[in-house]
Amino acid sequence: MAAETEKELQQLKKRFGELADRAVRQNLFTFTGFLSLAEQDMLWQAVKEAGAFVSLEGGIAHAERRMARFGNPEDFGYEEPFPICCLLIEPVQEKFADAFTHRDFLGAIMNLGIDRSTVGDILLDQKKAYVFCQETMADWLMENLAQVRHTNVRCHRVESAGALPERKLMPKEEQVASLRCDGIVASVWNLSRSQSQTLFSQKKVFVNGRQQESGSALLKPGDVVSVRGMGKFIFREEKHTTRKGRLVVGIELFV
């Protein structure tokens with residue numbers, strides 16, 4: 001279900017409508033695969049037009065790639081969990097293993113020939129990785145993923161959320177002219193205002209999974225801002241004003 005081009009996104013939007021309609025007609029939950037930020041933005045457009053009830057889950061707080069579920073538990077009278085599984089990928093002999101990157105693990109998984117939508121976020125933990133995937137793919141991945149780069153690896157299910165590594169957040173303070181999204185993005189990554197505005201025009205900025213084509217939107221506490229190719233942060237609060245009238249705001253940057 002992965003989509004990137006405008007044509008693919010429009011086809012995906014149609015698919016969202018079909019899933020929403022099926023959920024209502026058959027009184028059952030329907031699910032997508034893991035959606036990218038651009039796909040999540042298209043999801044919200046489809047939901048707004050169809051008036052459907054949808055929820056998102058990625059397996060961990062602030063996940064970037066998330067699965068959508070159509071259907072309201074209150075209307076259906078029952079609950080159905082998201083079919084998400086977490087796998088731990090670790091070297092067979094850790095002391096001889098390479099230092100891996102996110103791309104190494106993703107590349108090894110994609111080289112198996114599976115669709116990108118079957119895999120969610122990948123969390124690195126030294127030489128290991130925690131990978132969120134569709135439940136239907138878990139056993140297959142455990143059987144077939146045997147190597148990352150030149151290192152032999154093994155996979156097994158993670159049964160407890162307590163086993164997952166904590167997401168690393170770096171608290172920072174930024175001085176900005178206002179709470180406008182483009183100004184805060186510029187400050188976080190040391191960009192000029194024009195460079196920041198270019199990111200918005202290139203459709204690379206998302207707030208809470210929704211694309212922001214205009215940088216004039218004001219951020220609210222708890223908003224999660226993702227910039228493709230640069231990173232992600234949580235806007236926390238407006239702290240105080242400097243003597244020169246600049247706002248000091250607090251953020252937490254994902255590292």
# chains A, B, ... in the order shown; residues from 1 in each chain; ligands from 1
>>> residues_around(residues="stretch 158-175 of chain A", least_positions_apart="3", cutoff="7 Å", atoms="only C-alpha atoms", output="JSON list (two decimals) with C-alpha atoms, in the first residue's frame")
[["chain", "number", "residue", "atom", "x", "y", "z"],
["A", 86, "CYS", "CA", 7.54, -6.01, 17.52],
["A", 87, "LEU", "CA", 10.62, -8.04, 16.60],
["A", 88, "LEU", "CA", 14.10, -7.79, 18.06],
["A", 125, "ASP", "CA", 19.72, 0.03, 20.33],
["A", 187, "SER", "CA", 15.51, 27.96, 14.83],
["A", 188, "VAL", "CA", 15.68, 24.23, 15.62],
["A", 246, "ARG", "CA", 11.98, 37.43, 21.71],
["A", 247, "LEU", "CA", 10.04, 34.38, 22.84],
["A", 248, "VAL", "CA", 11.89, 31.56, 24.54],
["A", 249, "VAL", "CA", 10.22, 28.23, 23.82],
["A", 250, "GLY", "CA", 10.97, 24.71, 24.98],
["A", 251, "ILE", "CA", 11.17, 21.75, 22.62],
["A", 252, "GLU", "CA", 12.32, 18.13, 22.82],
["A", 253, "LEU", "CA", 14.32, 16.95, 19.84],
["A", 254, "PHE", "CA", 14.33, 13.27, 18.87],
["A", 255, "VAL", "CA", 17.94, 12.07, 18.70]]
>>> select_by_dssp(residues="stretch 140-243 of chain A", states="alpha helix (DSSP H)", output="list in words")
Trp140, Leu141, Met142, Glu143, Asn144, Cys181, Asp182, Gly183, Ile184, Val185, Ala186, Ser187, Val188, Arg193, Ser194, Gln195, Ser196, Gln197, Thr198, Leu199, Phe200 and Ser201 of chain A
>>> residues_around(residues="stretch 104-117 of chain A", least_positions_apart="5", cutoff="10 Å", atoms="only C-alpha atoms", output="number ranges by chain")
A: 1-3, 32-36, 65-67, 89, 99, 122-124, 128-131, 133-134, 137, 141, 144-149
>>> residues_around(residues="stretch 225-227 of chain A", least_positions_apart="4", cutoff="6 Å", atoms="only C-alpha atoms", output="PyMOL selection string")
chain A and resi 204-207+231-233
>>> write_last_selection(atoms="all heavy atoms", output="PDB file, in the first residue's frame")
ATOM      1  N   LYS A 204       7.447  19.048   2.938  1.00  0.00           N
ATOM      2  CA  LYS A 204       8.292  18.203   3.780  1.00  0.00           C
ATOM      3  C   LYS A 204       7.989  18.340   5.272  1.00  0.00           C
ATOM      4  O   LYS A 204       8.586  17.636   6.084  1.00  0.00           O
ATOM      5  CB  LYS A 204       9.772  18.523   3.535  1.00  0.00           C
ATOM      6  CG  LYS A 204      10.274  18.126   2.156  1.00  0.00           C
ATOM      7  CD  LYS A 204      11.769  18.374   2.033  1.00  0.00           C
ATOM      8  CE  LYS A 204      12.299  17.897   0.683  1.00  0.00           C
ATOM      9  NZ  LYS A 204      13.761  18.108   0.568  1.00  0.00           N
ATOM     10  N   VAL A 205       7.075  19.224   5.635  1.00  0.00           N
ATOM     11  CA  VAL A 205       6.802  19.485   7.043  1.00  0.00           C
ATOM     12  C   VAL A 205       5.429  18.935   7.426  1.00  0.00           C
ATOM     13  O   VAL A 205       4.423  19.185   6.740  1.00  0.00           O
ATOM     14  CB  VAL A 205       6.859  20.997   7.353  1.00  0.00           C
ATOM     15  CG1 VAL A 205       6.640  21.234   8.848  1.00  0.00           C
ATOM     16  CG2 VAL A 205       8.200  21.581   6.914  1.00  0.00           C
ATOM     17  N   PHE A 206       5.405  18.190   8.541  1.00  0.00           N
ATOM     18  CA  PHE A 206       4.163  17.594   9.028  1.00  0.00           C
ATOM     19  C   PHE A 206       4.013  17.909  10.515  1.00  0.00           C
ATOM     20  O   PHE A 206       4.984  17.835  11.274  1.00  0.00           O
ATOM     21  CB  PHE A 206       4.186  16.078   8.840  1.00  0.00           C
ATOM     22  CG  PHE A 206       4.283  15.643   7.397  1.00  0.00           C
ATOM     23  CD1 PHE A 206       5.507  15.622   6.746  1.00  0.00           C
ATOM     24  CD2 PHE A 206       3.139  15.284   6.706  1.00  0.00           C
ATOM     25  CE1 PHE A 206       5.599  15.227   5.415  1.00  0.00           C
ATOM     26  CE2 PHE A 206       3.222  14.894   5.375  1.00  0.00           C
ATOM     27  CZ  PHE A 206       4.454  14.862   4.734  1.00  0.00           C
ATOM     28  N   VAL A 207       2.814  18.271  10.902  1.00  0.00           N
ATOM     29  CA  VAL A 207       2.494  18.516  12.307  1.00  0.00           C
ATOM     30  C   VAL A 207       1.430  17.510  12.721  1.00  0.00           C
ATOM     31  O   VAL A 207       0.335  17.487  12.142  1.00  0.00           O
ATOM     32  CB  VAL A 207       1.997  19.956  12.542  1.00  0.00           C
ATOM     33  CG1 VAL A 207       1.639  20.149  14.022  1.00  0.00           C
ATOM     34  CG2 VAL A 207       3.076  20.965  12.130  1.00  0.00           C
ATOM     35  N   GLY A 231      14.487  15.524  10.701  1.00  0.00           N
ATOM     36  CA  GLY A 231      14.224  14.986  12.034  1.00  0.00           C
ATOM     37  C   GLY A 231      12.859  15.363  12.549  1.00  0.00           C
ATOM     38  O   GLY A 231      11.956  15.749  11.792  1.00  0.00           O
ATOM     39  N   LYS A 232      12.727  15.310  13.870  1.00  0.00           N
ATOM     40  CA  LYS A 232      11.424  15.487  14.506  1.00  0.00           C
ATOM     41  C   LYS A 232      11.605  16.071  15.897  1.00  0.00           C
ATOM     42  O   LYS A 232      12.583  15.770  16.579  1.00  0.00           O
ATOM     43  CB  LYS A 232      10.717  14.122  14.579  1.00  0.00           C
ATOM     44  CG  LYS A 232       9.367  14.119  15.244  1.00  0.00           C
ATOM     45  CD  LYS A 232       8.609  12.815  14.994  1.00  0.00           C
ATOM     46  CE  LYS A 232       9.300  11.604  15.558  1.00  0.00           C
ATOM     47  NZ  LYS A 232       8.469  10.374  15.412  1.00  0.00           N
ATOM     48  N   PHE A 233      10.648  16.902  16.316  1.00  0.00           N
ATOM     49  CA  PHE A 233      10.683  17.431  17.681  1.00  0.00           C
ATOM     50  C   PHE A 233       9.269  17.588  18.212  1.00  0.00           C
ATOM     51  O   PHE A 233       8.295  17.631  17.466  1.00  0.00           O
ATOM     52  CB  PHE A 233      11.442  18.765  17.754  1.00  0.00           C
ATOM     53  CG  PHE A 233      10.769  19.927  17.056  1.00  0.00           C
ATOM     54  CD1 PHE A 233       9.823  20.711  17.706  1.00  0.00           C
ATOM     55  CD2 PHE A 233      11.109  20.254  15.749  1.00  0.00           C
ATOM     56  CE1 PHE A 233       9.215  21.789  17.081  1.00  0.00           C
ATOM     57  CE2 PHE A 233      10.503  21.323  15.107  1.00  0.00           C
ATOM     58  CZ  PHE A 233       9.561  22.095  15.765  1.00  0.00           C
TER      59      PHE A 233
END
>>> closest_residue(among="A:Gly209, A:Val92, A:Gly215, A:Arg103", to="A:Arg154", atoms="only C-alpha atoms")
A:Val92
>>> residues_around(residues="A:Glu80", least_positions_apart="4", cutoff="10 Å", atoms="only C-alpha atoms", output="list in words")
Leu28, Phe29, Thr30, Arg69, Gly71 and Pro73 of chain A
>>> atom_distance(atom1="atom CA of A:Phe76", atom2="atom CA of A:Asn27")
6.0 Å
>>> atom_distance(atom1="atom CA of A:Arg236", atom2="atom CA of A:Asp41")
22.7 Å
>>> select_by_dssp(residues="stretch 3-45 of chain A", states="strand (DSSP E)", output="list in words")
Thr30, Phe31, Thr32, Gly33, Phe34 and Leu35 of chain A
>>> write_last_selection(atoms="N, CA and C atoms", output="PDB file, in the first residue's frame")
ATOM      1  N   THR A  30     -11.439  -2.515   9.846  1.00  0.00           N
ATOM      2  CA  THR A  30     -10.551  -2.720   8.707  1.00  0.00           C
ATOM      3  C   THR A  30      -9.263  -1.948   8.955  1.00  0.00           C
ATOM      4  N   PHE A  31      -8.171  -2.459   8.439  1.00  0.00           N
ATOM      5  CA  PHE A  31      -6.855  -1.888   8.723  1.00  0.00           C
ATOM      6  C   PHE A  31      -6.078  -1.603   7.440  1.00  0.00           C
ATOM      7  N   THR A  32      -5.240  -0.584   7.517  1.00  0.00           N
ATOM      8  CA  THR A  32      -4.266  -0.329   6.451  1.00  0.00           C
ATOM      9  C   THR A  32      -2.944  -0.963   6.864  1.00  0.00           C
ATOM     10  N   GLY A  33      -1.949  -0.859   5.980  1.00  0.00           N
ATOM     11  CA  GLY A  33      -0.589  -1.171   6.387  1.00  0.00           C
ATOM     12  C   GLY A  33      -0.021   0.030   7.122  1.00  0.00           C
ATOM     13  N   PHE A  34       1.278   0.019   7.392  1.00  0.00           N
ATOM     14  CA  PHE A  34       1.929   1.172   8.015  1.00  0.00           C
ATOM     15  C   PHE A  34       2.021   2.303   6.990  1.00  0.00           C
ATOM     16  N   LEU A  35       1.600   3.488   7.392  1.00  0.00           N
ATOM     17  CA  LEU A  35       1.527   4.638   6.498  1.00  0.00           C
ATOM     18  C   LEU A  35       2.650   5.621   6.755  1.00  0.00           C
TER      19      LEU A  35
END
>>> residues_around(residues="A:Gly245", least_positions_apart="4", cutoff="10 Å", atoms="only C-alpha atoms", output="PyMOL selection string")
chain A and resi 175-178+240-241
>>> write_last_selection(atoms="N, CA, C and O atoms", output="CSV table (one decimal), in the first residue's frame")
chain,number,residue,atom,x,y,z
A,175,GLN,N,15.1,30.6,20.8
A,175,GLN,CA,14.5,32.0,20.8
A,175,GLN,C,13.9,32.3,19.5
A,175,GLN,O,14.6,32.1,18.4
A,176,VAL,N,12.7,32.7,19.5
A,176,VAL,CA,11.9,32.9,18.2
A,176,VAL,C,11.1,34.2,18.3
A,176,VAL,O,10.9,34.7,19.4
A,177,ALA,N,10.7,34.6,17.1
A,177,ALA,CA,9.9,35.8,17.1
A,177,ALA,C,8.4,35.6,17.5
A,177,ALA,O,7.8,36.5,18.0
A,178,SER,N,7.9,34.4,17.2
A,178,SER,CA,6.5,34.0,17.5
A,178,SER,C,6.4,32.5,17.5
A,178,SER,O,7.4,31.8,17.4
A,240,HIS,N,9.2,32.1,28.4
A,240,HIS,CA,9.3,33.5,28.8
A,240,HIS,C,9.7,34.4,27.6
A,240,HIS,O,10.0,33.9,26.5
A,241,THR,N,9.7,35.7,27.8
A,241,THR,CA,10.1,36.6,26.8
A,241,THR,C,11.4,37.4,27.2
A,241,THR,O,11.5,37.8,28.4
>>> atom_distance(atom1="atom CA of A:Ser196", atom2="atom CA of A:Glu238")
20.4 Å
>>> residues_around(residues="A:Gln202", least_positions_apart="6", cutoff="12 Å", atoms="only C-alpha atoms", output="list in words")
Ala38, Gln195, Ser196, Gln211, Gln212, Glu213, Ser214, Gly215, Val227, Arg228 and Gly229 of chain A
>>> write_last_selection(atoms="all heavy atoms", output="PDB file, in the first residue's frame")
ATOM      1  N   ALA A  38       3.217  11.283   4.440  1.00  0.00           N
ATOM      2  CA  ALA A  38       2.427  11.763   3.305  1.00  0.00           C
ATOM      3  C   ALA A  38       1.133  10.956   3.177  1.00  0.00           C
ATOM      4  O   ALA A  38       0.074  11.510   2.871  1.00  0.00           O
ATOM      5  CB  ALA A  38       3.244  11.665   2.018  1.00  0.00           C
ATOM      6  N   GLN A 195      14.834  29.429   3.882  1.00  0.00           N
ATOM      7  CA  GLN A 195      15.107  27.991   3.804  1.00  0.00           C
ATOM      8  C   GLN A 195      13.992  27.197   4.478  1.00  0.00           C
ATOM      9  O   GLN A 195      13.567  26.152   3.983  1.00  0.00           O
ATOM     10  CB  GLN A 195      16.450  27.676   4.466  1.00  0.00           C
ATOM     11  CG  GLN A 195      17.663  28.134   3.674  1.00  0.00           C
ATOM     12  CD  GLN A 195      18.956  27.909   4.442  1.00  0.00           C
ATOM     13  OE1 GLN A 195      19.021  28.140   5.661  1.00  0.00           O
ATOM     14  NE2 GLN A 195      19.992  27.469   3.751  1.00  0.00           N
ATOM     15  N   SER A 196      13.536  27.705   5.613  1.00  0.00           N
ATOM     16  CA  SER A 196      12.448  27.044   6.324  1.00  0.00           C
ATOM     17  C   SER A 196      11.174  27.047   5.493  1.00  0.00           C
ATOM     18  O   SER A 196      10.486  26.031   5.362  1.00  0.00           O
ATOM     19  CB  SER A 196      12.205  27.738   7.666  1.00  0.00           C
ATOM     20  OG  SER A 196      11.095  27.174   8.335  1.00  0.00           O
ATOM     21  N   GLN A 211       0.237  17.249   6.806  1.00  0.00           N
ATOM     22  CA  GLN A 211       1.136  18.100   6.038  1.00  0.00           C
ATOM     23  C   GLN A 211       0.799  19.576   6.230  1.00  0.00           C
ATOM     24  O   GLN A 211      -0.372  19.961   6.269  1.00  0.00           O
ATOM     25  CB  GLN A 211       1.023  17.726   4.559  1.00  0.00           C
ATOM     26  CG  GLN A 211       2.055  18.388   3.672  1.00  0.00           C
ATOM     27  CD  GLN A 211       1.870  17.936   2.238  1.00  0.00           C
ATOM     28  OE1 GLN A 211       1.198  18.594   1.453  1.00  0.00           O
ATOM     29  NE2 GLN A 211       2.435  16.775   1.917  1.00  0.00           N
ATOM     30  N   GLN A 212       1.848  20.391   6.355  1.00  0.00           N
ATOM     31  CA  GLN A 212       1.682  21.832   6.525  1.00  0.00           C
ATOM     32  C   GLN A 212       2.329  22.551   5.343  1.00  0.00           C
ATOM     33  O   GLN A 212       3.544  22.597   5.233  1.00  0.00           O
ATOM     34  CB  GLN A 212       2.338  22.302   7.825  1.00  0.00           C
ATOM     35  CG  GLN A 212       1.728  21.718   9.078  1.00  0.00           C
ATOM     36  CD  GLN A 212       0.337  22.248   9.338  1.00  0.00           C
ATOM     37  OE1 GLN A 212       0.076  23.436   9.200  1.00  0.00           O
ATOM     38  NE2 GLN A 212      -0.572  21.356   9.703  1.00  0.00           N
ATOM     39  N   GLU A 213       1.506  23.067   4.444  1.00  0.00           N
ATOM     40  CA  GLU A 213       2.054  23.793   3.296  1.00  0.00           C
ATOM     41  C   GLU A 213       2.323  25.249   3.630  1.00  0.00           C
ATOM     42  O   GLU A 213       3.060  25.932   2.920  1.00  0.00           O
ATOM     43  CB  GLU A 213       1.101  23.687   2.106  1.00  0.00           C
ATOM     44  CG  GLU A 213       0.990  22.258   1.570  1.00  0.00           C
ATOM     45  CD  GLU A 213       0.230  22.201   0.264  1.00  0.00           C
ATOM     46  OE1 GLU A 213       0.389  23.117  -0.559  1.00  0.00           O
ATOM     47  OE2 GLU A 213      -0.531  21.234   0.073  1.00  0.00           O
ATOM     48  N   SER A 214       1.743  25.735   4.705  1.00  0.00           N
ATOM     49  CA  SER A 214       1.975  27.111   5.138  1.00  0.00           C
ATOM     50  C   SER A 214       2.690  27.099   6.484  1.00  0.00           C
ATOM     51  O   SER A 214       2.300  26.357   7.393  1.00  0.00           O
ATOM     52  CB  SER A 214       0.656  27.871   5.260  1.00  0.00           C
ATOM     53  OG  SER A 214       0.868  29.138   5.881  1.00  0.00           O
ATOM     54  N   GLY A 215       3.714  27.921   6.602  1.00  0.00           N
ATOM     55  CA  GLY A 215       4.465  27.975   7.853  1.00  0.00           C
ATOM     56  C   GLY A 215       3.862  28.900   8.881  1.00  0.00           C
ATOM     57  O   GLY A 215       4.400  29.053   9.986  1.00  0.00           O
ATOM     58  N   VAL A 227      10.079  16.881   9.979  1.00  0.00           N
ATOM     59  CA  VAL A 227      10.579  17.459   8.737  1.00  0.00           C
ATOM     60  C   VAL A 227      11.351  16.374   8.001  1.00  0.00           C
ATOM     61  O   VAL A 227      12.366  15.886   8.498  1.00  0.00           O
ATOM     62  CB  VAL A 227      11.494  18.675   9.003  1.00  0.00           C
ATOM     63  CG1 VAL A 227      11.951  19.275   7.679  1.00  0.00           C
ATOM     64  CG2 VAL A 227      10.763  19.722   9.834  1.00  0.00           C
ATOM     65  N   ARG A 228      10.842  15.990   6.848  1.00  0.00           N
ATOM     66  CA  ARG A 228      11.463  14.897   6.109  1.00  0.00           C
ATOM     67  C   ARG A 228      12.917  15.214   5.784  1.00  0.00           C
ATOM     68  O   ARG A 228      13.247  16.275   5.271  1.00  0.00           O
ATOM     69  CB  ARG A 228      10.681  14.620   4.820  1.00  0.00           C
ATOM     70  CG  ARG A 228       9.288  14.082   5.068  1.00  0.00           C
ATOM     71  CD  ARG A 228       8.524  13.843   3.795  1.00  0.00           C
ATOM     72  NE  ARG A 228       9.133  12.786   2.974  1.00  0.00           N
ATOM     73  CZ  ARG A 228       8.592  12.348   1.839  1.00  0.00           C
ATOM     74  NH1 ARG A 228       7.470  12.877   1.385  1.00  0.00           N
ATOM     75  NH2 ARG A 228       9.161  11.390   1.161  1.00  0.00           N
ATOM     76  N   GLY A 229      13.791  14.264   6.107  1.00  0.00           N
ATOM     77  CA  GLY A 229      15.207  14.426   5.832  1.00  0.00           C
ATOM     78  C   GLY A 229      15.973  15.162   6.912  1.00  0.00           C
ATOM     79  O   GLY A 229      17.208  15.268   6.833  1.00  0.00           O
TER      80      GLY A 229
END
